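Novice: File work20.tsv follows (TSV, N, CA and C atoms):
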chain	number	residue	atom	x	y	z
X	1483	MET	N	97.05	45.63	160.80
X	1483	MET	CA	98.27	44.97	160.38
X	1483	MET	C	99.39	45.99	160.34
X	1484	ALA	N	100.53	45.65	160.89
X	1484	ALA	CA	101.68	46.54	160.92
X	1484	ALA	C	102.89	45.88	160.26
X	1485	LEU	N	103.50	46.61	159.37
X	1485	LEU	CA	104.74	46.16	158.72
X	1485	LEU	C	105.81	47.18	159.07
X	1486	GLY	N	106.85	46.75	159.77
X	1486	GLY	CA	107.91	47.68	160.13
X	1486	GLY	C	107.44	48.82	161.01
X	1487	GLY	N	106.41	48.57	161.81
X	1487	GLY	CA	105.89	49.61	162.71
X	1487	GLY	C	104.88	50.54	162.07
X	1488	ILE	N	104.65	50.41	160.78
X	1488	ILE	CA	103.67	51.25	160.08
X	1488	ILE	C	102.40	50.42	159.90
X	1489	THR	N	101.31	50.95	160.38
X	1489	THR	CA	100.04	50.22	160.30
X	1489	THR	C	99.25	50.64	159.07
X	1490	THR	N	98.27	49.85	158.72
X	1490	THR	CA	97.38	50.23	157.62
X	1490	THR	C	96.60	51.49	158.00
X	1491	LEU	N	96.35	51.69	159.27
X	1491	LEU	CA	95.70	52.91	159.73
X	1491	LEU	C	96.58	54.12	159.44
X	1492	ASP	N	97.90	53.98	159.67
X	1492	ASP	CA	98.84	55.05	159.33
X	1492	ASP	C	98.78	55.38	157.85
X	1493	LEU	N	98.91	54.35	157.01
X	1493	LEU	CA	98.92	54.54	155.55
X	1493	LEU	C	97.65	55.20	155.06
X	1494	ASN	N	96.52	54.71	155.53
X	1494	ASN	CA	95.24	55.30	155.12
X	1494	ASN	C	95.10	56.73	155.62
X	1495	GLY	N	95.59	56.98	156.82
X	1495	GLY	CA	95.54	58.34	157.37
X	1495	GLY	C	96.38	59.30	156.55
X	1496	TRP	N	97.57	58.84	156.13
X	1496	TRP	CA	98.44	59.69	155.32
X	1496	TRP	C	97.80	59.99	153.97
X	1497	GLN	N	97.17	58.99	153.37
X	1497	GLN	CA	96.49	59.22	152.09
X	1497	GLN	C	95.31	60.17	152.27
X	1498	TYR	N	94.58	59.99	153.34
X	1498	TYR	CA	93.42	60.85	153.60
X	1498	TYR	C	93.87	62.30	153.77
X	1499	ARG	N	94.97	62.52	154.47
X	1499	ARG	CA	95.52	63.86	154.64
X	1499	ARG	C	95.90	64.45	153.28
X	1500	ALA	N	96.50	63.64	152.40
X	1500	ALA	CA	96.88	64.10	151.06
X	1500	ALA	C	95.65	64.44	150.23
X	1501	VAL	N	94.56	63.68	150.41
X	1501	VAL	CA	93.31	63.98	149.69
X	1501	VAL	C	92.82	65.37	150.07
X	1502	ASP	N	92.88	65.71	151.35
X	1502	ASP	CA	92.46	67.04	151.79
X	1502	ASP	C	93.30	68.14	151.14
X	1503	VAL	N	94.62	67.93	151.10
X	1503	VAL	CA	95.51	68.91	150.49
X	1503	VAL	C	95.21	69.02	149.00
X	1504	LEU	N	95.04	67.90	148.33
X	1504	LEU	CA	94.76	67.91	146.90
X	1504	LEU	C	93.44	68.62	146.61
X	1505	ASP	N	92.45	68.39	147.44
X	1505	ASP	CA	91.16	69.07	147.29
X	1505	ASP	C	91.36	70.59	147.31
X	1506	GLU	N	92.15	71.07	148.25
X	1506	GLU	CA	92.41	72.51	148.33
X	1506	GLU	C	93.21	73.02	147.14
X	1507	LEU	N	94.18	72.23	146.67
X	1507	LEU	CA	94.97	72.64	145.49
X	1507	LEU	C	94.10	72.75	144.24
X	1508	VAL	N	93.22	71.78	144.06
X	1508	VAL	CA	92.35	71.79	142.88
X	1508	VAL	C	91.38	72.98	142.95
X	1509	LYS	N	90.81	73.24	144.11
X	1509	LYS	CA	89.90	74.38	144.28
X	1509	LYS	C	90.62	75.69	144.00
X	1510	ALA	N	91.83	75.85	144.54
X	1510	ALA	CA	92.61	77.07	144.31
X	1510	ALA	C	92.99	77.21	142.84
X	1511	GLY	N	93.36	76.10	142.20
X	1511	GLY	CA	93.69	76.13	140.78
X	1511	GLY	C	92.50	76.51	139.93
X	1512	LEU	N	91.35	76.01	140.28
X	1512	LEU	CA	90.12	76.35	139.56
X	1512	LEU	C	89.83	77.84	139.69
X	1513	LYS	N	89.92	78.35	140.91
X	1513	LYS	CA	89.65	79.76	141.16
X	1513	LYS	C	90.63	80.66	140.40
X	1514	ALA	N	91.91	80.25	140.35
X	1514	ALA	CA	92.94	81.04	139.68
X	1514	ALA	C	93.01	80.77	138.18
X	1515	GLU	N	92.15	79.85	137.69
X	1515	GLU	CA	92.17	79.45	136.29
X	1515	GLU	C	93.55	78.93	135.88
X	1516	ARG	N	94.15	78.18	136.79
X	1516	ARG	CA	95.46	77.58	136.56
X	1516	ARG	C	95.29	76.25	135.84
X	1517	ARG	N	96.18	75.94	134.93
X	1517	ARG	CA	96.14	74.67	134.20
X	1517	ARG	C	96.28	73.51	135.20
X	1518	PRO	N	95.36	72.54	135.19
X	1518	PRO	CA	95.44	71.44	136.15
X	1518	PRO	C	96.59	70.48	135.83
X	1519	LEU	N	97.01	69.77	136.85
X	1519	LEU	CA	98.02	68.73	136.71
X	1519	LEU	C	97.36	67.37	136.81
X	1520	GLU	N	98.06	66.34	136.39
X	1520	GLU	CA	97.62	64.96	136.62
X	1520	GLU	C	98.18	64.57	137.98
X	1521	TRP	N	97.30	64.36	138.94
X	1521	TRP	CA	97.74	64.10	140.31
X	1521	TRP	C	97.65	62.63	140.66
X	1522	THR	N	98.63	62.17	141.43
X	1522	THR	CA	98.65	60.82	141.99
X	1522	THR	C	98.92	60.95	143.48
X	1523	ILE	N	98.25	60.12	144.26
X	1523	ILE	CA	98.52	60.04	145.70
X	1523	ILE	C	99.16	58.68	145.95
X	1524	THR	N	100.36	58.69	146.50
X	1524	THR	CA	101.08	57.44	146.75
X	1524	THR	C	100.57	56.76	148.02
X	1525	THR	N	100.98	55.53	148.23
X	1525	THR	CA	100.53	54.80	149.42
X	1525	THR	C	101.06	55.40	150.71
X	1526	ASN	N	102.15	56.18	150.63
X	1526	ASN	CA	102.64	56.81	151.85
X	1526	ASN	C	102.13	58.24	152.00
X	1527	GLY	N	101.13	58.61	151.20
X	1527	GLY	CA	100.48	59.91	151.34
X	1527	GLY	C	101.18	61.07	150.67
X	1528	ALA	N	102.09	60.80	149.75
X	1528	ALA	CA	102.75	61.87	149.01
X	1528	ALA	C	101.94	62.19	147.75
X	1529	LEU	N	102.04	63.43	147.30
X	1529	LEU	CA	101.39	63.85	146.06
X	1529	LEU	C	102.41	63.92	144.94
X	1530	ARG	N	101.98	63.56	143.76
X	1530	ARG	CA	102.82	63.68	142.57
X	1530	ARG	C	101.98	64.37	141.51
X	1531	GLY	N	102.43	65.53	141.07
X	1531	GLY	CA	101.73	66.30	140.05
X	1531	GLY	C	102.53	66.33	138.77
X	1532	GLU	N	101.90	65.90	137.67
X	1532	GLU	CA	102.57	65.89	136.37
X	1532	GLU	C	101.82	66.78	135.39
X	1533	VAL	N	102.58	67.55	134.63
X	1533	VAL	CA	102.00	68.33	133.55
X	1533	VAL	C	101.62	67.36	132.44
X	1534	ASP	N	100.40	67.47	131.95
X	1534	ASP	CA	99.89	66.57	130.90
X	1534	ASP	C	100.75	66.70	129.65
X	1535	ARG	N	101.42	65.60	129.28
X	1535	ARG	CA	102.29	65.66	128.11
X	1535	ARG	C	101.58	65.23	126.83
X	1536	TYR	N	100.35	64.80	126.92
X	1536	TYR	CA	99.65	64.28	125.74
X	1536	TYR	C	98.67	65.29	125.16
X	1537	ARG	N	98.95	66.55	125.31
X	1537	ARG	CA	98.15	67.60	124.69
X	1537	ARG	C	98.96	68.12	123.51
X	1538	PRO	N	98.53	67.81	122.29
X	1538	PRO	CA	99.34	68.17	121.12
X	1538	PRO	C	99.59	69.67	120.96
X	1539	GLU	N	98.72	70.49	121.53
X	1539	GLU	CA	98.90	71.94	121.38
X	1539	GLU	C	99.95	72.49	122.35
X	1540	GLN	N	100.41	71.67	123.29
X	1540	GLN	CA	101.40	72.11	124.27
X	1540	GLN	C	102.81	71.72	123.84
X	1541	THR	N	103.69	72.68	123.84
X	1541	THR	CA	105.09	72.41	123.55
X	1541	THR	C	105.83	72.14	124.87
X	1542	ASP	N	107.09	71.73	124.76
X	1542	ASP	CA	107.91	71.56	125.96
X	1542	ASP	C	107.97	72.86	126.76
X	1543	ARG	N	108.08	73.97	126.04
X	1543	ARG	CA	108.14	75.28	126.70
X	1543	ARG	C	106.84	75.57	127.44
X	1544	ASP	N	105.70	75.21	126.85
X	1544	ASP	CA	104.41	75.39	127.53
X	1544	ASP	C	104.35	74.55	128.80
X	1545	ARG	N	104.78	73.29	128.69
X	1545	ARG	CA	104.77	72.41	129.86
X	1545	ARG	C	105.69	72.94	130.96
X	1546	ARG	N	106.83	73.48	130.56
X	1546	ARG	CA	107.75	74.04	131.55
X	1546	ARG	C	107.13	75.26	132.22
X	1547	ALA	N	106.41	76.08	131.48
X	1547	ALA	CA	105.76	77.26	132.07
X	1547	ALA	C	104.69	76.85	133.08
X	1548	ILE	N	103.92	75.82	132.76
X	1548	ILE	CA	102.90	75.31	133.69
X	1548	ILE	C	103.59	74.77	134.94
X	1549	PHE	N	104.65	74.00	134.75
X	1549	PHE	CA	105.43	73.46	135.85
X	1549	PHE	C	105.96	74.58	136.73
X	1550	ASP	N	106.56	75.61	136.12
X	1550	ASP	CA	107.13	76.73	136.88
X	1550	ASP	C	106.06	77.45	137.69
X	1551	GLU	N	104.86	77.61	137.12
X	1551	GLU	CA	103.78	78.27	137.86
X	1551	GLU	C	103.39	77.47	139.10
X	1552	TRP	N	103.25	76.14	138.94
X	1552	TRP	CA	102.90	75.30	140.08
X	1552	TRP	C	104.03	75.30	141.11
X	1553	CYS	N	105.28	75.31	140.66
X	1553	CYS	CA	106.40	75.38	141.59
X	1553	CYS	C	106.30	76.64	142.44
X	1554	HIS	N	105.97	77.75	141.80
X	1554	HIS	CA	105.82	79.02	142.51
X	1554	HIS	C	104.66	78.94	143.51
X	1555	VAL	N	103.51	78.45	143.06
X	1555	VAL	CA	102.32	78.35	143.92
X	1555	VAL	C	102.60	77.49	145.14
X	1556	LEU	N	103.32	76.39	144.96
X	1556	LEU	CA	103.57	75.45	146.05
X	1556	LEU	C	104.87	75.73	146.80
X	1557	ASN	N	105.55	76.82	146.43
X	1557	ASN	CA	106.82	77.18	147.06
X	1557	ASN	C	107.77	75.98	147.05
X	1558	ALA	N	107.84	75.33	145.90
X	1558	ALA	CA	108.66	74.13	145.74
X	1558	ALA	C	110.14	74.49	145.76
X	1559	GLY	N	110.95	73.51	146.08
X	1559	GLY	CA	112.40	73.69	146.03
X	1559	GLY	C	112.86	73.88	144.59
X	1560	ALA	N	114.11	74.24	144.44
X	1560	ALA	CA	114.66	74.46	143.10
X	1560	ALA	C	114.54	73.18	142.27
X	1561	PRO	N	114.07	73.30	141.04
X	1561	PRO	CA	113.96	72.11	140.18
X	1561	PRO	C	115.32	71.48	139.91
X	1562	ARG	N	115.33	70.16	139.86
X	1562	ARG	CA	116.54	69.41	139.52
X	1562	ARG	C	116.33	68.76	138.17
X	1563	GLU	N	117.33	68.90	137.32
X	1563	GLU	CA	117.26	68.32	135.98
X	1563	GLU	C	118.27	67.18	135.85
X	1564	SER	N	117.85	66.14	135.16
X	1564	SER	CA	118.76	65.04	134.85
X	1564	SER	C	118.38	64.47	133.49
X	1565	LYS	N	119.38	63.97	132.77
X	1565	LYS	CA	119.12	63.39	131.45
X	1565	LYS	C	118.45	62.03	131.62
X	1566	ARG	N	117.46	61.77	130.76
X	1566	ARG	CA	116.80	60.47	130.75
X	1566	ARG	C	117.54	59.55	129.79
X	1567	VAL	N	117.54	58.29	130.07
X	1567	VAL	CA	118.20	57.29	129.22
X	1567	VAL	C	117.55	57.28	127.83
X	1568	VAL	N	116.24	57.48	127.77
X	1568	VAL	CA	115.51	57.42	126.51
X	1568	VAL	C	115.54	58.75	125.76
X	1569	GLY	N	116.30	59.71	126.26
X	1569	GLY	CA	116.38	61.01	125.62
X	1569	GLY	C	115.57	62.05	126.36
X	1570	GLY	N	115.93	63.28	126.14
X	1570	GLY	CA	115.24	64.36	126.82
X	1570	GLY	C	115.78	64.54	128.22
X	1571	VAL	N	115.03	65.27	129.01
X	1571	VAL	CA	115.47	65.61	130.35
X	1571	VAL	C	114.33	65.41	131.33
X	1572	GLU	N	114.67	64.92	132.51
X	1572	GLU	CA	113.67	64.82	133.58
X	1572	GLU	C	113.89	65.98	134.53
X	1573	VAL	N	112.82	66.68	134.81
X	1573	VAL	CA	112.87	67.80	135.73
X	1573	VAL	C	111.93	67.45	136.88
X	1574	ARG	N	112.38	67.72	138.10
X	1574	ARG	CA	111.57	67.40	139.27
X	1574	ARG	C	111.80	68.47	140.33
X	1575	ALA	N	110.72	68.87	140.97
X	1575	ALA	CA	110.80	69.78	142.10
X	1575	ALA	C	109.98	69.18	143.23
X	1576	VAL	N	110.43	69.33	144.45
X	1576	VAL	CA	109.71	68.79	145.59
X	1576	VAL	C	109.11	69.93	146.40
X	1577	PHE	N	108.01	69.61	147.09
X	1577	PHE	CA	107.33	70.61	147.91
X	1577	PHE	C	106.78	69.95	149.17
X	1578	LYS	N	106.44	70.78	150.14
X	1578	LYS	CA	105.81	70.33	151.37
X	1578	LYS	C	104.66	71.28	151.68
X	1579	VAL	N	103.54	70.70	152.09
X	1579	VAL	CA	102.38	71.49	152.48
X	1579	VAL	C	102.08	71.16	153.93
X	1580	PRO	N	102.20	72.15	154.84
X	1580	PRO	CA	101.89	71.87	156.23
X	1580	PRO	C	100.38	71.76	156.45
X	1581	THR	N	99.99	70.85	157.31
X	1581	THR	CA	98.59	70.72	157.71
X	1581	THR	C	98.55	70.60	159.23
X	1582	THR	N	97.38	70.63	159.79
X	1582	THR	CA	97.26	70.46	161.24
X	1582	THR	C	97.59	69.04	161.68
X	1583	ARG	N	97.65	68.12	160.72
X	1583	ARG	CA	97.94	66.71	161.01
X	1583	ARG	C	99.30	66.28	160.48
X	1584	GLY	N	100.18	67.23	160.21
X	1584	GLY	CA	101.51	66.92	159.69
X	1584	GLY	C	101.67	67.39	158.25
X	1585	GLU	N	102.86	67.24	157.73
X	1585	GLU	CA	103.17	67.69	156.36
X	1585	GLU	C	102.72	66.68	155.32
X	1586	VAL	N	102.33	67.22	154.17
X	1586	VAL	CA	102.14	66.40	152.99
X	1586	VAL	C	103.27	66.78	152.05
X	1587	GLN	N	104.05	65.79	151.64
X	1587	GLN	CA	105.16	66.03	150.72
X	1587	GLN	C	104.74	65.65	149.31
X	1588	GLY	N	105.42	66.23	148.35
X	1588	GLY	CA	105.09	65.90	146.97
X	1588	GLY	C	106.18	66.29	146.01
X	1589	SER	N	105.95	65.95	144.75
X	1589	SER	CA	106.87	66.30	143.68
X	1589	SER	C	106.09	66.74	142.46
X	1590	LEU	N	106.72	67.56	141.65
X	1590	LEU	CA	106.14	68.07	140.41
X	1590	LEU	C	107.05	67.68	139.26
X	1591	LEU	N	106.44	67.30	138.13
X	1591	LEU	CA	107.20	66.91	136.94
X	1591	LEU	C	106.55	67.50	135.69
X	1592	PRO	N	107.34	68.13	134.80
X	1592	PRO	CA	106.75	68.65	133.57
X	1592	PRO	C	106.81	67.70	132.39
X	1593	GLU	N	107.56	66.58	132.47
X	1593	GLU	CA	107.69	65.64	131.35
X	1593	GLU	C	108.12	66.34	130.06
X	1594	ILE	N	109.32	66.84	130.08
X	1594	ILE	CA	109.89	67.54	128.92
X	1594	ILE	C	110.64	66.54	128.05
X	1595	ASP	N	110.37	66.58	126.75
X	1595	ASP	CA	110.99	65.62	125.83
X	1595	ASP	C	112.39	66.04	125.40
X	1596	GLU	N	112.58	67.29	125.20
X	1596	GLU	CA	113.87	67.77	124.70
X	1596	GLU	C	114.45	68.79	125.68
X	1597	PRO	N	115.78	68.82	125.80
X	1597	PRO	CA	116.40	69.85	126.66
X	1597	PRO	C	116.02	71.22	126.16
X	1598	LEU	N	115.74	72.13	127.10
X	1598	LEU	CA	115.42	73.50	126.72
X	1598	LEU	C	116.69	74.30	126.53
X	1599	ASP	N	116.78	75.04	125.43
X	1599	ASP	CA	117.93	75.89	125.18
X	1599	ASP	C	117.86	77.10	126.10
X	1600	GLU	N	118.98	77.47	126.65
X	1600	GLU	CA	119.05	78.68	127.46
X	1600	GLU	C	119.02	79.88	126.52
X	1601	GLU	N	118.22	80.85	126.88
X	1601	GLU	CA	118.13	82.04	126.03
X	1601	GLU	C	118.74	83.24	126.72
Let me see the structure of the file written as structure tokens.

Specialist:
Amino acid sequence: MALGGITTLDLNGWQYRAVDVLDELVKAGLKAERRPLEWTITTNGALRGEVDRYRPEQTDRDRRAIFDEWCHVLNAGAPRESKRVVGGVEVRAVFKVPTTRGEVQGSLLPEIDEPLDEE
């Protein structure tokens, strides 16, 4: 079945490619003892990594440090910050991982509740 020229084979192929990339990211994170992210694979094969915000021992600063480390590892673009309607700030960085079957794109989010003061 094709919608707008995109077939279900395309969509499944893109997700499968993202699964391969995610597998490598998780293995590398495990080896480096890096804090894991909550990963989602979208229907178009993009990855979304979120820093777990429901760990009471983690502060906004801790979440930002985990986010910054993953941004560095994935050579992500400069993070963009915007105020959320419900308060706090949304921070997002995008990245691309080349594969032999094309790029896998993704985004990283730290889920920060309060704006961080510049020091």

Novice: So what do you get for atom C of X:Glu1593 versus atom N of X:Lys1509, distance-wise?

Specialist: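 Interatomic distance here is 23.3 Å.
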
Novice: Tell me which of X:Val1576, X:Ile1488, X:Ala1528, X:Val1571 sits closest to X:Ala1558, counting all atoms listed in the file.

Specialist: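 For X:Ala1558, the nearest of the given residues is X:Val1576.
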
Novice: Write out as JSON, numbers by chain the set of residues from stretch 1491-1597 of chain X that DSSP, computed on the backbone, places in strand (DSSP E).

Specialist: {"X": [1520, 1521, 1522, 1523, 1529, 1530, 1531, 1532, 1562, 1563, 1564, 1565, 1571, 1572, 1573, 1574, 1575, 1576, 1577, 1578, 1579, 1580, 1581, 1584, 1585, 1586, 1587, 1588, 1589, 1590, 1591]}

Novice: Please list as JSON, numbers by chain every residue within 8 Å of X:Thr1525, counting all atoms listed in the file and excluding residues in the same chain fewer than 6 positions away.

Specialist: {"X": [1492, 1493, 1494, 1496, 1497]}

Novice: Report, in Å with one decimal, the straight-line distance from atom CA of X:Asp1542 to atom CA of X:Pro1592.

Specialist: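 Interatomic distance here is 8.2 Å.
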
Novice: Every residue with an atom at most 7 Å from (105.5, 75.2, 149.6) (file coordinates; all atoms listed in the file) is what I'm after, so could you write them as a list in words?

Specialist: Val1555, Leu1556, Asn1557, Ala1558, Gly1559, Phe1577, Lys1578, Val1579 and Pro1580 of chain X

Novice: Using the chain letters and numbers from this document, which residues of stretch 1483-1567 of chain X does DSSP assign to alpha helix (DSSP H), as a ChimeraX atom specification?

Specialist: /X:1490-1513,1542-1555

Novice: Between atom N of X:Gly1531 and atom N of X:Gly1588, what distance in Å does the model show, to one decimal?

Specialist: 7.9 Å

Novice: Name the closest residue to X:Ala1560 among the candidates X:Arg1574, X:Arg1543, X:Arg1583, X:Arg1535; distances are taken between atoms, counting all atoms listed in the file.

Specialist: X:Arg1574

Novice: I'd like the neighbourhood of X:Leu1529 as a VMD selection string, where a residue qualifies if any of its atoms comes within 6 Å (using all atoms listed in the file), though same-chain residues fewer than 2 positions away should be ignored.

Specialist: chain X and resid 1522 to 1524 1527 1531 1586 to 1589

Novice: As AutoDock Vina command-line options, please: the centre and edge lengths in Å, to one decimal, of an axis-aligned box enclosing every listed atom of stretch 1511-1514 of chain X with 3 Å added on each side.

Specialist:
--center_x 91.7 --center_y 78.5 --center_z 140.2 --size_x 10.0 --size_y 11.0 --size_z 10.0

Novice: Could you pull stretch 1556-1566 of chain X out of the block above and save it with all heavy atoms, as a PDB file, in the first residue's frame?

Specialist:
ATOM      1  N   LEU X1556      26.659  12.023  19.883  1.00  0.00           N
ATOM      2  CA  LEU X1556      25.967  11.933  18.595  1.00  0.00           C
ATOM      3  C   LEU X1556      26.294  13.094  17.654  1.00  0.00           C
ATOM      4  O   LEU X1556      25.721  13.194  16.571  1.00  0.00           O
ATOM      5  CB  LEU X1556      24.458  11.864  18.824  1.00  0.00           C
ATOM      6  CG  LEU X1556      23.997  10.557  19.449  1.00  0.00           C
ATOM      7  CD1 LEU X1556      22.555  10.648  19.907  1.00  0.00           C
ATOM      8  CD2 LEU X1556      24.172   9.415  18.459  1.00  0.00           C
ATOM      9  N   ASN X1557      27.211  13.967  18.082  1.00  0.00           N
ATOM     10  CA  ASN X1557      27.586  15.120  17.271  1.00  0.00           C
ATOM     11  C   ASN X1557      26.340  15.894  16.834  1.00  0.00           C
ATOM     12  O   ASN X1557      26.179  16.264  15.665  1.00  0.00           O
ATOM     13  CB  ASN X1557      28.415  14.686  16.059  1.00  0.00           C
ATOM     14  CG  ASN X1557      29.162  15.842  15.432  1.00  0.00           C
ATOM     15  OD1 ASN X1557      29.481  16.814  16.101  1.00  0.00           O
ATOM     16  ND2 ASN X1557      29.414  15.744  14.139  1.00  0.00           N
ATOM     17  N   ALA X1558      25.446  16.094  17.790  1.00  0.00           N
ATOM     18  CA  ALA X1558      24.173  16.771  17.526  1.00  0.00           C
ATOM     19  C   ALA X1558      24.399  18.255  17.257  1.00  0.00           C
ATOM     20  O   ALA X1558      25.408  18.832  17.670  1.00  0.00           O
ATOM     21  CB  ALA X1558      23.227  16.600  18.714  1.00  0.00           C
ATOM     22  N   GLY X1559      23.449  18.849  16.586  1.00  0.00           N
ATOM     23  CA  GLY X1559      23.487  20.288  16.356  1.00  0.00           C
ATOM     24  C   GLY X1559      23.317  21.039  17.665  1.00  0.00           C
ATOM     25  O   GLY X1559      22.989  20.453  18.703  1.00  0.00           O
ATOM     26  N   ALA X1560      23.524  22.330  17.609  1.00  0.00           N
ATOM     27  CA  ALA X1560      23.386  23.159  18.812  1.00  0.00           C
ATOM     28  C   ALA X1560      21.972  23.036  19.376  1.00  0.00           C
ATOM     29  O   ALA X1560      21.000  23.103  18.626  1.00  0.00           O
ATOM     30  CB  ALA X1560      23.689  24.608  18.479  1.00  0.00           C
ATOM     31  N   PRO X1561      21.852  22.831  20.682  1.00  0.00           N
ATOM     32  CA  PRO X1561      20.520  22.732  21.294  1.00  0.00           C
ATOM     33  C   PRO X1561      19.727  24.027  21.125  1.00  0.00           C
ATOM     34  O   PRO X1561      20.284  25.119  21.193  1.00  0.00           O
ATOM     35  CB  PRO X1561      20.814  22.480  22.773  1.00  0.00           C
ATOM     36  CG  PRO X1561      22.207  21.981  22.818  1.00  0.00           C
ATOM     37  CD  PRO X1561      22.914  22.626  21.665  1.00  0.00           C
ATOM     38  N   ARG X1562      18.432  23.867  20.911  1.00  0.00           N
ATOM     39  CA  ARG X1562      17.526  25.013  20.826  1.00  0.00           C
ATOM     40  C   ARG X1562      16.615  24.992  22.033  1.00  0.00           C
ATOM     41  O   ARG X1562      16.074  23.950  22.382  1.00  0.00           O
ATOM     42  CB  ARG X1562      16.696  24.942  19.553  1.00  0.00           C
ATOM     43  CG  ARG X1562      17.518  25.101  18.314  1.00  0.00           C
ATOM     44  CD  ARG X1562      16.653  25.132  17.097  1.00  0.00           C
ATOM     45  NE  ARG X1562      17.506  25.314  15.926  1.00  0.00           N
ATOM     46  CZ  ARG X1562      17.064  25.263  14.712  1.00  0.00           C
ATOM     47  NH1 ARG X1562      15.786  25.043  14.476  1.00  0.00           N
ATOM     48  NH2 ARG X1562      17.885  25.431  13.703  1.00  0.00           N
ATOM     49  N   GLU X1563      16.472  26.144  22.655  1.00  0.00           N
ATOM     50  CA  GLU X1563      15.623  26.258  23.834  1.00  0.00           C
ATOM     51  C   GLU X1563      14.401  27.113  23.518  1.00  0.00           C
ATOM     52  O   GLU X1563      14.509  28.104  22.806  1.00  0.00           O
ATOM     53  CB  GLU X1563      16.394  26.881  24.996  1.00  0.00           C
ATOM     54  CG  GLU X1563      17.553  26.033  25.475  1.00  0.00           C
ATOM     55  CD  GLU X1563      18.193  26.555  26.743  1.00  0.00           C
ATOM     56  OE1 GLU X1563      17.608  27.445  27.393  1.00  0.00           O
ATOM     57  OE2 GLU X1563      19.273  26.069  27.082  1.00  0.00           O
ATOM     58  N   SER X1564      13.266  26.701  24.059  1.00  0.00           N
ATOM     59  CA  SER X1564      12.049  27.505  23.939  1.00  0.00           C
ATOM     60  C   SER X1564      11.229  27.320  25.204  1.00  0.00           C
ATOM     61  O   SER X1564      11.279  26.258  25.838  1.00  0.00           O
ATOM     62  CB  SER X1564      11.244  27.105  22.702  1.00  0.00           C
ATOM     63  OG  SER X1564      10.880  25.750  22.764  1.00  0.00           O
ATOM     64  N   LYS X1565      10.497  28.366  25.583  1.00  0.00           N
ATOM     65  CA  LYS X1565       9.666  28.290  26.783  1.00  0.00           C
ATOM     66  C   LYS X1565       8.446  27.429  26.498  1.00  0.00           C
ATOM     67  O   LYS X1565       7.846  27.514  25.428  1.00  0.00           O
ATOM     68  CB  LYS X1565       9.232  29.684  27.222  1.00  0.00           C
ATOM     69  CG  LYS X1565      10.374  30.493  27.763  1.00  0.00           C
ATOM     70  CD  LYS X1565       9.892  31.816  28.300  1.00  0.00           C
ATOM     71  CE  LYS X1565      11.098  32.580  28.847  1.00  0.00           C
ATOM     72  NZ  LYS X1565      10.709  33.838  29.440  1.00  0.00           N
ATOM     73  N   ARG X1566       8.088  26.608  27.484  1.00  0.00           N
ATOM     74  CA  ARG X1566       6.881  25.794  27.370  1.00  0.00           C
ATOM     75  C   ARG X1566       5.711  26.578  27.948  1.00  0.00           C
ATOM     76  O   ARG X1566       5.865  27.353  28.886  1.00  0.00           O
ATOM     77  CB  ARG X1566       7.040  24.480  28.144  1.00  0.00           C
ATOM     78  CG  ARG X1566       8.063  23.572  27.534  1.00  0.00           C
ATOM     79  CD  ARG X1566       8.052  22.210  28.159  1.00  0.00           C
ATOM     80  NE  ARG X1566       8.148  22.285  29.606  1.00  0.00           N
ATOM     81  CZ  ARG X1566       8.665  21.340  30.370  1.00  0.00           C
ATOM     82  NH1 ARG X1566       9.120  20.239  29.843  1.00  0.00           N
ATOM     83  NH2 ARG X1566       8.707  21.472  31.660  1.00  0.00           N
TER      84      ARG X1566
END
